[in-house]
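The file run13.txt comes next; it holds compact mmCIF, C-alpha atoms and all ligand atoms.
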# COMPACT_ATOMS: atom_id res chain seq x y z
CA MET A 1 -4.28 60.27 12.68
CA ALA A 2 -2.40 63.49 11.94
CA SER A 3 -4.25 66.05 9.85
CA THR A 4 -3.63 69.62 8.94
CA ALA A 5 -6.42 71.53 10.68
CA ASP A 6 -7.89 73.33 7.70
CA GLN A 7 -10.86 75.31 9.01
CA THR A 8 -10.95 77.59 6.00
CA LEU A 9 -11.86 75.02 3.37
CA ARG A 10 -14.16 76.60 0.77
CA PHE A 11 -17.11 74.62 -0.52
CA THR A 12 -17.53 74.41 -4.29
CA SER A 13 -21.18 74.43 -5.26
CA LEU A 14 -21.87 71.99 -8.09
CA PRO A 15 -24.96 72.62 -10.22
CA HIS A 16 -27.83 70.16 -9.97
CA PRO A 17 -28.93 69.02 -13.43
CA ALA A 18 -32.19 67.39 -12.32
CA PRO A 19 -33.57 68.17 -8.84
CA THR A 20 -36.67 66.24 -7.73
CA PRO A 21 -39.80 67.74 -9.34
CA ALA A 22 -41.83 69.82 -6.86
CA ASP A 23 -44.93 67.61 -7.05
CA LEU A 24 -42.94 64.44 -6.29
CA ARG A 25 -41.13 66.20 -3.46
CA ALA A 26 -44.47 67.36 -2.00
CA GLN A 27 -45.73 63.78 -2.15
CA ILE A 28 -42.65 62.52 -0.28
CA LEU A 29 -42.84 65.29 2.32
CA ALA A 30 -46.50 64.51 3.06
CA ASN A 31 -45.53 60.98 4.05
CA PRO A 32 -41.75 60.85 4.55
CA GLY A 33 -41.39 57.66 6.62
CA PHE A 34 -37.86 57.14 7.94
CA GLY A 35 -34.64 56.63 6.03
CA THR A 36 -36.08 55.67 2.65
CA ASN A 37 -36.34 59.06 0.95
CA PHE A 38 -33.45 61.41 0.35
CA SER A 39 -32.98 65.07 -0.45
CA ASP A 40 -31.36 66.42 -3.63
CA HIS A 41 -27.88 67.31 -2.38
CA MET A 42 -24.87 65.93 -0.55
CA VAL A 43 -21.59 67.17 0.82
CA VAL A 44 -18.34 65.43 -0.10
CA ILE A 45 -14.88 66.23 1.30
CA GLU A 46 -11.72 64.29 0.50
CA TRP A 47 -8.78 63.44 2.73
CA ASP A 48 -5.43 62.21 1.53
CA GLU A 49 -2.15 61.49 3.19
CA GLY A 50 0.64 63.58 1.75
CA PRO A 51 4.20 62.44 1.03
CA ASN A 52 5.31 63.72 4.46
CA GLY A 53 2.82 61.41 6.20
CA VAL A 54 0.58 64.30 7.21
CA GLY A 55 -2.85 64.30 5.66
CA GLY A 56 -5.34 67.01 4.95
CA TRP A 57 -8.93 67.66 3.95
CA HIS A 58 -9.45 69.11 0.49
CA ASP A 59 -11.97 69.50 -2.32
CA ALA A 60 -15.15 70.21 -0.33
CA THR A 61 -18.23 70.17 -2.53
CA ILE A 62 -21.96 70.62 -2.11
CA GLY A 63 -23.61 69.09 -5.12
CA PRO A 64 -26.21 66.68 -6.47
CA ARG A 65 -26.78 63.55 -4.39
CA GLY A 66 -25.89 60.42 -6.32
CA PRO A 67 -23.80 57.25 -6.50
CA ILE A 68 -20.12 57.53 -5.63
CA ALA A 69 -17.38 55.65 -7.42
CA LEU A 70 -15.25 53.34 -5.27
CA ASP A 71 -12.44 51.05 -6.25
CA PRO A 72 -13.47 47.44 -5.49
CA ALA A 73 -10.39 47.26 -3.24
CA ALA A 74 -11.46 50.32 -1.20
CA ALA A 75 -10.58 49.55 2.42
CA VAL A 76 -14.10 50.28 3.71
CA LEU A 77 -15.49 47.40 1.64
CA HIS A 78 -13.13 44.89 3.24
CA TYR A 79 -12.29 45.98 6.77
CA ALA A 80 -15.28 48.21 7.62
CA GLN A 81 -13.28 51.34 8.31
CA GLU A 82 -16.40 53.50 8.54
CA ILE A 83 -17.97 55.86 11.09
CA PHE A 84 -21.15 57.91 11.07
CA GLU A 85 -23.30 60.37 12.94
CA GLY A 86 -27.03 61.06 13.09
CA LEU A 87 -28.61 64.41 13.90
CA LYS A 88 -31.70 66.32 12.97
CA ALA A 89 -32.54 69.79 11.69
CA TYR A 90 -35.87 71.07 12.98
CA ARG A 91 -38.20 73.75 11.73
CA GLN A 92 -38.58 76.26 14.56
CA GLN A 93 -41.80 77.78 15.85
CA ASP A 94 -40.98 81.01 13.95
CA GLY A 95 -40.30 79.21 10.66
CA GLY A 96 -36.49 79.27 10.89
CA LEU A 97 -34.28 76.17 10.77
CA ALA A 98 -32.03 74.88 13.54
CA LEU A 99 -29.72 72.02 14.46
CA PHE A 100 -29.68 70.39 17.88
CA ARG A 101 -26.26 70.21 19.59
CA PRO A 102 -24.27 69.68 16.34
CA GLU A 103 -21.00 70.37 18.17
CA ALA A 104 -21.68 67.30 20.31
CA ASN A 105 -22.02 65.21 17.14
CA ALA A 106 -18.84 66.77 15.73
CA ALA A 107 -16.90 65.91 18.91
CA ARG A 108 -18.25 62.36 19.03
CA PHE A 109 -17.44 61.87 15.34
CA ASN A 110 -13.80 62.61 16.11
CA ARG A 111 -13.77 60.21 19.06
CA SER A 112 -15.13 57.54 16.71
CA ALA A 113 -12.50 58.50 14.11
CA GLU A 114 -9.76 58.06 16.68
CA ARG A 115 -10.95 54.55 17.61
CA LEU A 116 -11.19 53.50 13.95
CA ALA A 117 -7.74 54.97 13.10
CA MET A 118 -9.30 57.56 10.80
CA PRO A 119 -8.40 61.24 10.38
CA GLU A 120 -10.20 63.79 12.54
CA LEU A 121 -12.37 66.41 10.89
CA PRO A 122 -12.17 69.90 12.39
CA GLU A 123 -15.41 70.39 14.36
CA ALA A 124 -16.10 73.69 12.59
CA LEU A 125 -15.86 71.92 9.22
CA PHE A 126 -18.24 69.16 10.37
CA ILE A 127 -20.81 71.76 11.45
CA GLU A 128 -20.33 73.89 8.33
CA SER A 129 -20.87 70.78 6.14
CA VAL A 130 -24.15 70.01 7.86
CA LYS A 131 -25.26 73.64 7.56
CA GLN A 132 -24.37 73.73 3.85
CA LEU A 133 -26.56 70.71 3.23
CA VAL A 134 -29.52 71.99 5.25
CA ARG A 135 -29.38 75.29 3.37
CA ALA A 136 -29.20 73.55 -0.02
CA ASP A 137 -32.12 71.29 0.91
CA ARG A 138 -34.23 73.77 2.88
CA ASP A 139 -37.24 72.72 0.75
CA TRP A 140 -36.95 69.18 2.10
CA PHE A 141 -38.51 69.70 5.53
CA PRO A 142 -41.61 67.53 5.98
CA ASP A 143 -44.83 69.42 6.72
CA VAL A 144 -46.08 66.64 8.98
CA GLU A 145 -46.33 67.00 12.75
CA GLY A 146 -43.10 65.84 14.38
CA GLY A 147 -41.24 66.03 11.06
CA SER A 148 -37.55 66.88 10.69
CA LEU A 149 -34.65 66.60 8.28
CA TYR A 150 -32.44 63.71 9.41
CA LEU A 151 -28.77 64.30 8.63
CA ARG A 152 -26.25 61.54 8.17
CA PRO A 153 -22.58 62.59 8.16
CA PHE A 154 -20.22 59.66 7.60
CA MET A 155 -16.65 58.82 6.67
CA ILE A 156 -15.30 55.89 4.66
CA ALA A 157 -11.80 54.61 3.87
CA THR A 158 -11.41 54.84 0.09
CA GLU A 159 -7.83 53.76 -0.49
CA ALA A 160 -7.50 50.72 -2.78
CA PHE A 161 -5.33 48.48 -0.63
CA LEU A 162 -5.88 45.01 0.80
CA GLY A 163 -3.20 45.09 3.47
CA VAL A 164 -4.41 45.56 7.01
CA ARG A 165 -3.46 49.05 8.18
CA PRO A 166 -5.25 52.41 8.32
CA ALA A 167 -6.08 53.67 4.83
CA LYS A 168 -4.33 56.70 3.36
CA SER A 169 -7.42 58.24 1.75
CA TYR A 170 -10.95 58.92 2.99
CA LYS A 171 -14.19 60.52 1.97
CA PHE A 172 -16.44 62.44 4.33
CA LEU A 173 -20.03 62.79 3.16
CA VAL A 174 -23.28 64.20 4.47
CA ILE A 175 -26.67 63.13 3.13
CA ALA A 176 -30.16 64.10 4.31
CA SER A 177 -33.43 62.24 4.64
CA PRO A 178 -36.80 63.82 5.44
CA ALA A 179 -38.20 62.08 8.52
CA GLY A 180 -41.74 61.85 9.83
CA ASN A 181 -42.80 61.16 13.35
CA TYR A 182 -41.07 57.91 14.26
CA PHE A 183 -44.33 56.63 15.71
CA LYS A 184 -47.50 57.87 14.08
CA SER A 185 -49.68 58.36 17.15
CA GLY A 186 -47.52 59.54 20.02
CA ALA A 187 -45.12 56.95 21.38
CA PRO A 188 -46.55 53.52 22.17
CA ALA A 189 -44.55 51.45 24.65
CA VAL A 190 -42.32 48.94 22.90
CA SER A 191 -41.65 45.33 23.74
CA ILE A 192 -38.00 44.33 23.90
CA TRP A 193 -36.11 41.08 23.61
CA VAL A 194 -33.07 40.33 25.80
CA SER A 195 -30.50 38.93 23.41
CA GLU A 196 -27.99 36.18 24.05
CA TYR A 197 -25.76 37.91 21.51
CA THR A 198 -23.60 40.76 22.71
CA ARG A 199 -23.04 44.07 20.97
CA ALA A 200 -19.73 45.25 22.38
CA ALA A 201 -16.98 43.86 24.56
CA PRO A 202 -14.62 45.74 26.90
CA GLY A 203 -11.85 47.22 24.79
CA GLY A 204 -13.91 46.91 21.61
CA THR A 205 -15.69 49.53 19.52
CA GLY A 206 -18.92 49.84 21.51
CA ALA A 207 -18.41 53.53 22.26
CA ALA A 208 -17.68 54.39 18.61
CA LYS A 209 -20.49 55.05 16.17
CA CYS A 210 -19.27 52.69 13.47
CA GLY A 211 -21.11 50.62 10.91
CA GLY A 212 -19.48 47.41 12.12
CA ASN A 213 -21.35 47.59 15.44
CA TYR A 214 -24.60 47.72 13.51
CA ALA A 215 -23.68 44.82 11.23
CA ALA A 216 -23.22 42.71 14.37
CA SER A 217 -26.61 43.79 15.77
CA LEU A 218 -28.70 42.78 12.74
CA VAL A 219 -29.11 39.11 13.66
CA PRO A 220 -30.16 39.85 17.27
CA GLN A 221 -32.54 42.58 16.06
CA ALA A 222 -34.06 40.18 13.49
CA GLU A 223 -34.42 37.61 16.25
CA ALA A 224 -36.32 40.14 18.38
CA LEU A 225 -38.70 40.89 15.49
CA ALA A 226 -39.18 37.19 14.70
CA ARG A 227 -40.26 36.63 18.31
CA GLY A 228 -42.79 39.43 18.09
CA HIS A 229 -40.79 42.17 19.83
CA ASP A 230 -39.88 45.64 18.60
CA GLN A 231 -36.28 46.00 19.72
CA VAL A 232 -33.37 44.07 21.12
CA VAL A 233 -31.62 44.92 24.41
CA PHE A 234 -28.02 43.85 24.99
CA LEU A 235 -26.41 42.64 28.19
CA ASP A 236 -22.72 43.20 28.96
CA ALA A 237 -20.31 40.79 27.29
CA ALA A 238 -18.23 39.95 30.39
CA GLU A 239 -20.88 38.86 32.92
CA ARG A 240 -24.01 38.66 30.73
CA LYS A 241 -25.81 40.33 33.56
CA TRP A 242 -25.83 44.11 33.26
CA ILE A 243 -28.17 46.03 30.99
CA GLU A 244 -26.30 47.99 28.33
CA GLU A 245 -28.51 49.50 25.63
CA LEU A 246 -30.78 48.79 22.68
CA GLY A 247 -29.40 48.42 19.14
CA GLY A 248 -29.37 52.20 18.66
CA MET A 249 -30.81 53.76 21.82
CA ASN A 250 -29.67 54.28 25.41
CA LEU A 251 -31.81 53.34 28.40
CA TYR A 252 -33.16 55.05 31.52
CA PHE A 253 -34.80 53.36 34.50
CA VAL A 254 -37.28 55.46 36.51
CA PHE A 255 -37.99 54.60 40.15
CA ALA A 256 -41.01 55.29 42.33
CA ASP A 257 -38.89 57.45 44.65
CA GLY A 258 -38.15 59.83 41.75
CA THR A 259 -34.59 58.73 41.00
CA LEU A 260 -33.33 57.65 37.58
CA ILE A 261 -30.57 55.24 36.66
CA THR A 262 -28.79 54.96 33.31
CA PRO A 263 -25.91 52.58 32.54
CA PRO A 264 -22.49 54.26 32.88
CA LEU A 265 -20.25 55.08 29.91
CA THR A 266 -17.62 52.41 30.46
CA GLY A 267 -16.68 52.00 26.80
CA THR A 268 -19.19 49.37 25.72
CA ILE A 269 -22.17 51.65 25.16
CA LEU A 270 -22.61 54.58 22.84
CA PRO A 271 -22.51 57.95 24.60
CA GLY A 272 -25.85 59.27 23.32
CA ILE A 273 -26.45 62.99 23.00
CA THR A 274 -30.12 62.42 23.82
CA ARG A 275 -28.98 60.48 26.92
CA ASP A 276 -26.86 63.45 27.98
CA SER A 277 -29.63 66.00 27.27
CA ILE A 278 -32.17 63.99 29.26
CA MET A 279 -29.71 63.73 32.15
CA GLN A 280 -29.31 67.50 32.30
CA LEU A 281 -33.05 68.18 32.02
CA ALA A 282 -33.92 65.63 34.72
CA ARG A 283 -31.29 67.01 37.11
CA GLU A 284 -32.60 70.53 36.57
CA GLU A 285 -36.02 69.27 37.62
CA GLY A 286 -34.42 68.26 40.90
CA LEU A 287 -34.44 64.56 40.07
CA GLU A 288 -31.51 62.41 41.11
CA VAL A 289 -29.86 60.74 38.11
CA ARG A 290 -27.25 58.08 38.74
CA GLU A 291 -24.96 56.52 36.15
CA GLU A 292 -24.88 53.07 37.63
CA ARG A 293 -24.89 49.46 36.51
CA TYR A 294 -28.33 47.86 36.62
CA SER A 295 -28.87 44.15 36.09
CA LEU A 296 -31.58 42.22 34.30
CA ASP A 297 -32.44 40.55 37.63
CA GLN A 298 -32.84 43.95 39.32
CA TRP A 299 -34.98 45.15 36.43
CA ARG A 300 -37.27 42.13 36.76
CA GLY A 301 -37.42 42.25 40.57
CA ASP A 302 -37.95 46.00 40.81
CA SER A 303 -40.68 45.87 38.16
CA ALA A 304 -42.49 43.17 40.13
CA SER A 305 -42.15 44.98 43.48
CA GLY A 306 -43.24 48.35 42.07
CA LYS A 307 -39.92 49.98 43.00
CA LEU A 308 -39.32 50.59 39.28
CA ILE A 309 -42.20 52.38 37.55
CA GLU A 310 -40.93 53.31 34.07
CA THR A 311 -38.20 52.48 31.57
CA PHE A 312 -37.48 54.43 28.42
CA ALA A 313 -35.04 54.32 25.53
CA CYS A 314 -33.64 57.47 23.96
CA GLY A 315 -31.84 58.48 20.78
CA THR A 316 -32.00 61.06 18.01
CA ALA A 317 -34.24 59.09 15.64
CA ALA A 318 -37.17 58.34 17.98
CA VAL A 319 -36.18 60.85 20.74
CA VAL A 320 -37.76 59.00 23.71
CA THR A 321 -39.50 55.62 23.53
CA PRO A 322 -41.20 53.95 26.52
CA VAL A 323 -40.41 50.29 27.18
CA GLY A 324 -43.50 48.34 28.28
CA LYS A 325 -42.51 44.71 28.16
CA VAL A 326 -39.25 42.78 28.49
CA CYS A 327 -38.78 39.20 27.39
CA GLY A 328 -35.78 36.91 27.55
CA ARG A 329 -34.85 33.28 27.96
CA ASP A 330 -36.11 33.30 31.57
CA GLY A 331 -39.55 34.64 30.68
CA GLU A 332 -41.34 37.91 30.40
CA PHE A 333 -42.18 40.86 32.65
CA THR A 334 -44.09 44.11 32.39
CA VAL A 335 -42.60 47.48 33.33
CA GLY A 336 -44.92 49.76 35.32
CA SER A 337 -48.31 49.99 33.68
CA GLY A 338 -46.93 48.46 30.49
CA GLY A 339 -47.71 51.73 28.71
CA PRO A 340 -45.99 55.13 28.40
CA GLY A 341 -45.02 56.48 31.84
CA GLN A 342 -45.60 59.99 33.17
CA LEU A 343 -42.02 61.09 33.65
CA THR A 344 -41.08 59.57 30.29
CA GLY A 345 -43.74 61.70 28.63
CA ARG A 346 -42.77 64.84 30.50
CA LEU A 347 -39.04 64.61 29.73
CA LYS A 348 -39.77 63.87 26.09
CA ALA A 349 -42.11 66.87 25.81
CA ARG A 350 -39.51 69.16 27.38
CA LEU A 351 -36.76 67.99 25.05
CA VAL A 352 -38.91 68.17 21.92
CA ALA A 353 -40.11 71.68 22.85
CA ILE A 354 -36.50 72.88 23.10
CA GLN A 355 -35.55 71.20 19.81
CA ARG A 356 -38.42 72.91 18.00
CA GLY A 357 -37.93 76.34 19.50
CA GLN A 358 -41.16 76.15 21.51
CA ALA A 359 -39.38 76.40 24.87
CA ALA A 360 -36.47 78.51 26.06
CA ASP A 361 -33.07 77.04 25.23
CA ALA A 362 -31.20 77.71 28.46
CA HIS A 363 -28.27 75.47 27.45
CA GLY A 364 -27.42 76.91 24.05
CA TRP A 365 -28.27 73.56 22.47
CA VAL A 366 -30.16 74.98 19.50
CA VAL A 367 -27.96 76.24 16.66
CA ARG A 368 -30.01 78.34 14.27
CA LEU A 369 -29.29 78.64 10.58
CA ASP A 370 -29.57 82.12 9.18
C1 LIG A 401 -26.48 56.80 17.93
C2 LIG A 401 -26.68 55.77 18.97
C3 LIG A 401 -27.38 56.04 20.17
C4 LIG A 401 -28.09 57.32 20.45
O1 LIG A 401 -27.29 58.46 20.38
P1 LIG A 401 -27.95 59.89 20.17
O2 LIG A 401 -26.78 60.80 20.12
O3 LIG A 401 -28.82 60.15 21.33
O4 LIG A 401 -28.71 59.83 18.90
C5 LIG A 401 -27.44 55.03 21.12
N1 LIG A 401 -26.88 53.82 20.91
C6 LIG A 401 -26.23 53.53 19.77
C7 LIG A 401 -25.64 52.18 19.60
C8 LIG A 401 -26.11 54.49 18.76
O5 LIG A 401 -25.47 54.18 17.62

Produce structure tokens that represent the structure in this file.
Ligand SMILES: *Cc1c(COP(=O)(O)O)cnc(C)c1O
Amino acid sequence: MASTADQTLRFTSLPHPAPTPADLRAQILANPGFGTNFSDHMVVIEWDEGPNGVGGWHDATIGPRGPIALDPAAAVLHYAQEIFEGLKAYRQQDGGLALFRPEANAARFNRSAERLAMPELPEALFIESVKQLVRADRDWFPDVEGGSLYLRPFMIATEAFLGVRPAKSYKFLVIASPAGNYFKSGAPAVSIWVSEYTRAAPGGTGAAKCGGNYAASLVPQAEALARGHDQVVFLDAAERKWIEELGGMNLYFVFADGTLITPPLTGTILPGITRDSIMQLAREEGLEVREERYSLDQWRGDSASGKLIETFACGTAAVVTPVGKVCGRDGEFTVGSGGPGQLTGRLKARLVAIQRGQAADAHGWVVRLD
């Protein structure tokens, strides 16, 4: 959707009447969990379509986090015109703060916006918004090992209108949530359930990071939990044969001959930034990584024969998670040893070390905040 590319938007800083008391904040930061506690501030930027049909971003604020007013007819509440991103700010070895590949999130956000008929946000403005929030909430970094500040930029259609067409007004917001280690003691291997439901069909919104995809994944995820598994894995919608991804994580298959396979980006899976980072790191180690379709039958057969030795899922929230057991309608199988694999552990350690400033950042992935 056409927007004036305003890169020079100034942020108005709104005073916070009642920030979280220091003792309560300390209590939260000692045991942050994931996604249930929030920092004191948020960023809000408005977009409106002008009389000439060209819209623009305006009124950028960094202010107290709190409820937002929406008209009950706001388009997002009816037709799910919503997109989001997820990235983390990490405390560096030297005490400074840094983001990991925020420009990749900014670019993906705009690809999602395009698919959902929403206005694009200049990448520089996306990154500046995230930086503004991290600076305002610099006291919200958990002290715990593996802790980070999880950042959630998102955009909603706010126009009050029940007709079906792209809205003419939007809000972009960024909120932050202190996050602990996703798994308390290292990363145990998870058990996953092969769903009969599908997540995304060819031509659909599978490659966009939109709330609607998640709404559709809640029943299959609940089904996985009810059957005693940790996560759901989706097969492709056309043939019900090829492995796609978990509800919010991409997959890698590791073979005994040292090659890796990950499902290709054909429009029905989310192009993960962790997926891309892992691919680069593995290739630099001299490993062959192929983006290739891989079926449930191959997964089962190769696990049994020993050709496949590890499988892991990857995404910003949990970084890298080993998959130990797979269960579907046709029964259950174990991957490799059933526990965390060696290469899985090594790639995770390399990525985490770069994110935290403990290893050289040869790719320019780490964006430091002054
Ligand atoms: C966000 C997301 C991922 C992981 O992407 P990262 O950029 O690595 O965090 C994978 N699958 C889905 C469906 C997602 O929404």

Within 10 Å of ligand LIG 401 (chain A) (counting all atoms listed in the file), which residues show up? I'd like them as a PDB file with C-alpha atoms, keeping the file's coordinate frame.
ATOM      1  CA  PHE A  84     -21.150  57.910  11.070  1.00  0.00           C
ATOM      2  CA  GLU A  85     -23.300  60.370  12.940  1.00  0.00           C
ATOM      3  CA  GLY A  86     -27.030  61.060  13.090  1.00  0.00           C
ATOM      4  CA  LEU A  87     -28.610  64.410  13.900  1.00  0.00           C
ATOM      5  CA  LYS A  88     -31.700  66.320  12.970  1.00  0.00           C
ATOM      6  CA  ARG A 101     -26.260  70.210  19.590  1.00  0.00           C
ATOM      7  CA  PRO A 102     -24.270  69.680  16.340  1.00  0.00           C
ATOM      8  CA  ALA A 104     -21.680  67.300  20.310  1.00  0.00           C
ATOM      9  CA  ASN A 105     -22.020  65.210  17.140  1.00  0.00           C
ATOM     10  CA  ARG A 108     -18.250  62.360  19.030  1.00  0.00           C
ATOM     11  CA  ARG A 199     -23.040  44.070  20.970  1.00  0.00           C
ATOM     12  CA  ALA A 200     -19.730  45.250  22.380  1.00  0.00           C
ATOM     13  CA  GLY A 206     -18.920  49.840  21.510  1.00  0.00           C
ATOM     14  CA  ALA A 207     -18.410  53.530  22.260  1.00  0.00           C
ATOM     15  CA  ALA A 208     -17.680  54.390  18.610  1.00  0.00           C
ATOM     16  CA  LYS A 209     -20.490  55.050  16.170  1.00  0.00           C
ATOM     17  CA  CYS A 210     -19.270  52.690  13.470  1.00  0.00           C
ATOM     18  CA  GLY A 211     -21.110  50.620  10.910  1.00  0.00           C
ATOM     19  CA  ASN A 213     -21.350  47.590  15.440  1.00  0.00           C
ATOM     20  CA  TYR A 214     -24.600  47.720  13.510  1.00  0.00           C
ATOM     21  CA  SER A 217     -26.610  43.790  15.770  1.00  0.00           C
ATOM     22  CA  GLU A 244     -26.300  47.990  28.330  1.00  0.00           C
ATOM     23  CA  GLU A 245     -28.510  49.500  25.630  1.00  0.00           C
ATOM     24  CA  LEU A 246     -30.780  48.790  22.680  1.00  0.00           C
ATOM     25  CA  GLY A 247     -29.400  48.420  19.140  1.00  0.00           C
ATOM     26  CA  GLY A 248     -29.370  52.200  18.660  1.00  0.00           C
ATOM     27  CA  MET A 249     -30.810  53.760  21.820  1.00  0.00           C
ATOM     28  CA  ASN A 250     -29.670  54.280  25.410  1.00  0.00           C
ATOM     29  CA  LEU A 251     -31.810  53.340  28.400  1.00  0.00           C
ATOM     30  CA  THR A 268     -19.190  49.370  25.720  1.00  0.00           C
ATOM     31  CA  ILE A 269     -22.170  51.650  25.160  1.00  0.00           C
ATOM     32  CA  LEU A 270     -22.610  54.580  22.840  1.00  0.00           C
ATOM     33  CA  PRO A 271     -22.510  57.950  24.600  1.00  0.00           C
ATOM     34  CA  GLY A 272     -25.850  59.270  23.320  1.00  0.00           C
ATOM     35  CA  ILE A 273     -26.450  62.990  23.000  1.00  0.00           C
ATOM     36  CA  THR A 274     -30.120  62.420  23.820  1.00  0.00           C
ATOM     37  CA  ARG A 275     -28.980  60.480  26.920  1.00  0.00           C
ATOM     38  CA  ASP A 276     -26.860  63.450  27.980  1.00  0.00           C
ATOM     39  CA  SER A 277     -29.630  66.000  27.270  1.00  0.00           C
ATOM     40  CA  ILE A 278     -32.170  63.990  29.260  1.00  0.00           C
ATOM     41  CA  ALA A 313     -35.040  54.320  25.530  1.00  0.00           C
ATOM     42  CA  CYS A 314     -33.640  57.470  23.960  1.00  0.00           C
ATOM     43  CA  GLY A 315     -31.840  58.480  20.780  1.00  0.00           C
ATOM     44  CA  THR A 316     -32.000  61.060  18.010  1.00  0.00           C
ATOM     45  CA  ALA A 317     -34.240  59.090  15.640  1.00  0.00           C
ATOM     46  CA  ALA A 318     -37.170  58.340  17.980  1.00  0.00           C
ATOM     47  CA  VAL A 319     -36.180  60.850  20.740  1.00  0.00           C
ATOM     48  CA  VAL A 320     -37.760  59.000  23.710  1.00  0.00           C
TER      49      VAL A 320
END

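Interatomic distance, atom CA of A:Gln342 to atom CA of A:Val254: 10.0 Å.
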
* **Of the listed residues A:Glu159, A:Asp137, A:Asp94, A:Glu145, that which approaches A:Trp47 most closely, counting all atoms listed in the file** => A:Glu159

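If all atoms listed in the file are the atoms counted, then among A:Arg368, A:Lys348, A:Arg138, A:Arg165 the closest residue to A:Tyr79 is A:Arg165.
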
* Write out as a list in words the residues lying within 9 Å of A:Asp59, counting all atoms listed in the file and excluding same-chain residues fewer than 2 positions away. => Leu9, Arg10, Phe11, Thr12, Val44, Ile45, Glu46, Trp47, Trp57 and Thr61 of chain A

Would you output that residue set with C-alpha atoms, as a tab-separated table (two decimals), in the coordinates of the input?
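As written to disk, out15.tsv reads:
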chain	number	residue	atom	x	y	z
A	9	LEU	CA	-11.86	75.02	3.37
A	10	ARG	CA	-14.16	76.60	0.77
A	11	PHE	CA	-17.11	74.62	-0.52
A	12	THR	CA	-17.53	74.41	-4.29
A	44	VAL	CA	-18.34	65.43	-0.10
A	45	ILE	CA	-14.88	66.23	1.30
A	46	GLU	CA	-11.72	64.29	0.50
A	47	TRP	CA	-8.78	63.44	2.73
A	57	TRP	CA	-8.93	67.66	3.95
A	61	THR	CA	-18.23	70.17	-2.53

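Rounded to one decimal, atom CA of A:Gln358 and atom CA of A:Tyr150 lie 19.4 Å from each other.
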
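Excluding A:Leu296 itself and same-chain residues fewer than 5 positions from it, the residues having an atom within 9 Å of it are Val194, Leu235, Lys241, Trp242, Ile243 and Gly301 of chain A, counting only C-alpha atoms.
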
* To do: Have a look at A:Leu287, A:Ala359, A:Ala30, A:Ile83 and name the one nearest to A:Glu114; count all atoms listed in the file.
  => A:Ile83

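Of the listed residues (A:His78, A:Lys171, A:Arg227, A:Arg115), A:Lys171 comes nearest to A:Phe154; the distances count only C-alpha atoms.
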
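Atom CA of A:Ile192 to atom CA of A:Gly147 spans 25.4 Å [interatomic distance, one decimal].
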
Take stretch 73-81 of chain A, bring it up to N, CA, C and O atoms, and give me the output as a CSV table (one decimal), keeping the file's coordinate frame.
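Output contents, as saved in result-v4.csv:
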chain,number,residue,atom,x,y,z
A,73,ALA,N,-11.3,47.6,-4.3
A,73,ALA,CA,-10.4,47.3,-3.2
A,73,ALA,C,-10.5,48.3,-2.1
A,73,ALA,O,-9.6,48.3,-1.2
A,74,ALA,N,-11.4,49.3,-2.2
A,74,ALA,CA,-11.5,50.3,-1.2
A,74,ALA,C,-11.5,49.7,0.2
A,74,ALA,O,-12.3,48.8,0.4
A,75,ALA,N,-10.7,50.2,1.1
A,75,ALA,CA,-10.6,49.6,2.4
A,75,ALA,C,-11.9,49.4,3.1
A,75,ALA,O,-12.1,48.4,3.8
A,76,VAL,N,-12.8,50.4,3.0
A,76,VAL,CA,-14.1,50.3,3.7
A,76,VAL,C,-14.9,49.0,3.3
A,76,VAL,O,-15.6,48.5,4.2
A,77,LEU,N,-14.7,48.6,2.1
A,77,LEU,CA,-15.5,47.4,1.6
A,77,LEU,C,-15.0,46.1,2.2
A,77,LEU,O,-15.6,45.1,2.1
A,78,HIS,N,-13.8,46.1,2.8
A,78,HIS,CA,-13.1,44.9,3.2
A,78,HIS,C,-13.0,44.8,4.7
A,78,HIS,O,-13.2,43.8,5.4
A,79,TYR,N,-12.6,46.0,5.3
A,79,TYR,CA,-12.3,46.0,6.8
A,79,TYR,C,-13.2,46.9,7.6
A,79,TYR,O,-12.9,47.3,8.7
A,80,ALA,N,-14.2,47.4,6.9
A,80,ALA,CA,-15.3,48.2,7.6
A,80,ALA,C,-14.7,49.4,8.3
A,80,ALA,O,-15.2,49.8,9.4
A,81,GLN,N,-13.8,50.1,7.7
A,81,GLN,CA,-13.3,51.3,8.3
A,81,GLN,C,-14.3,52.4,7.9
A,81,GLN,O,-14.2,53.1,6.9
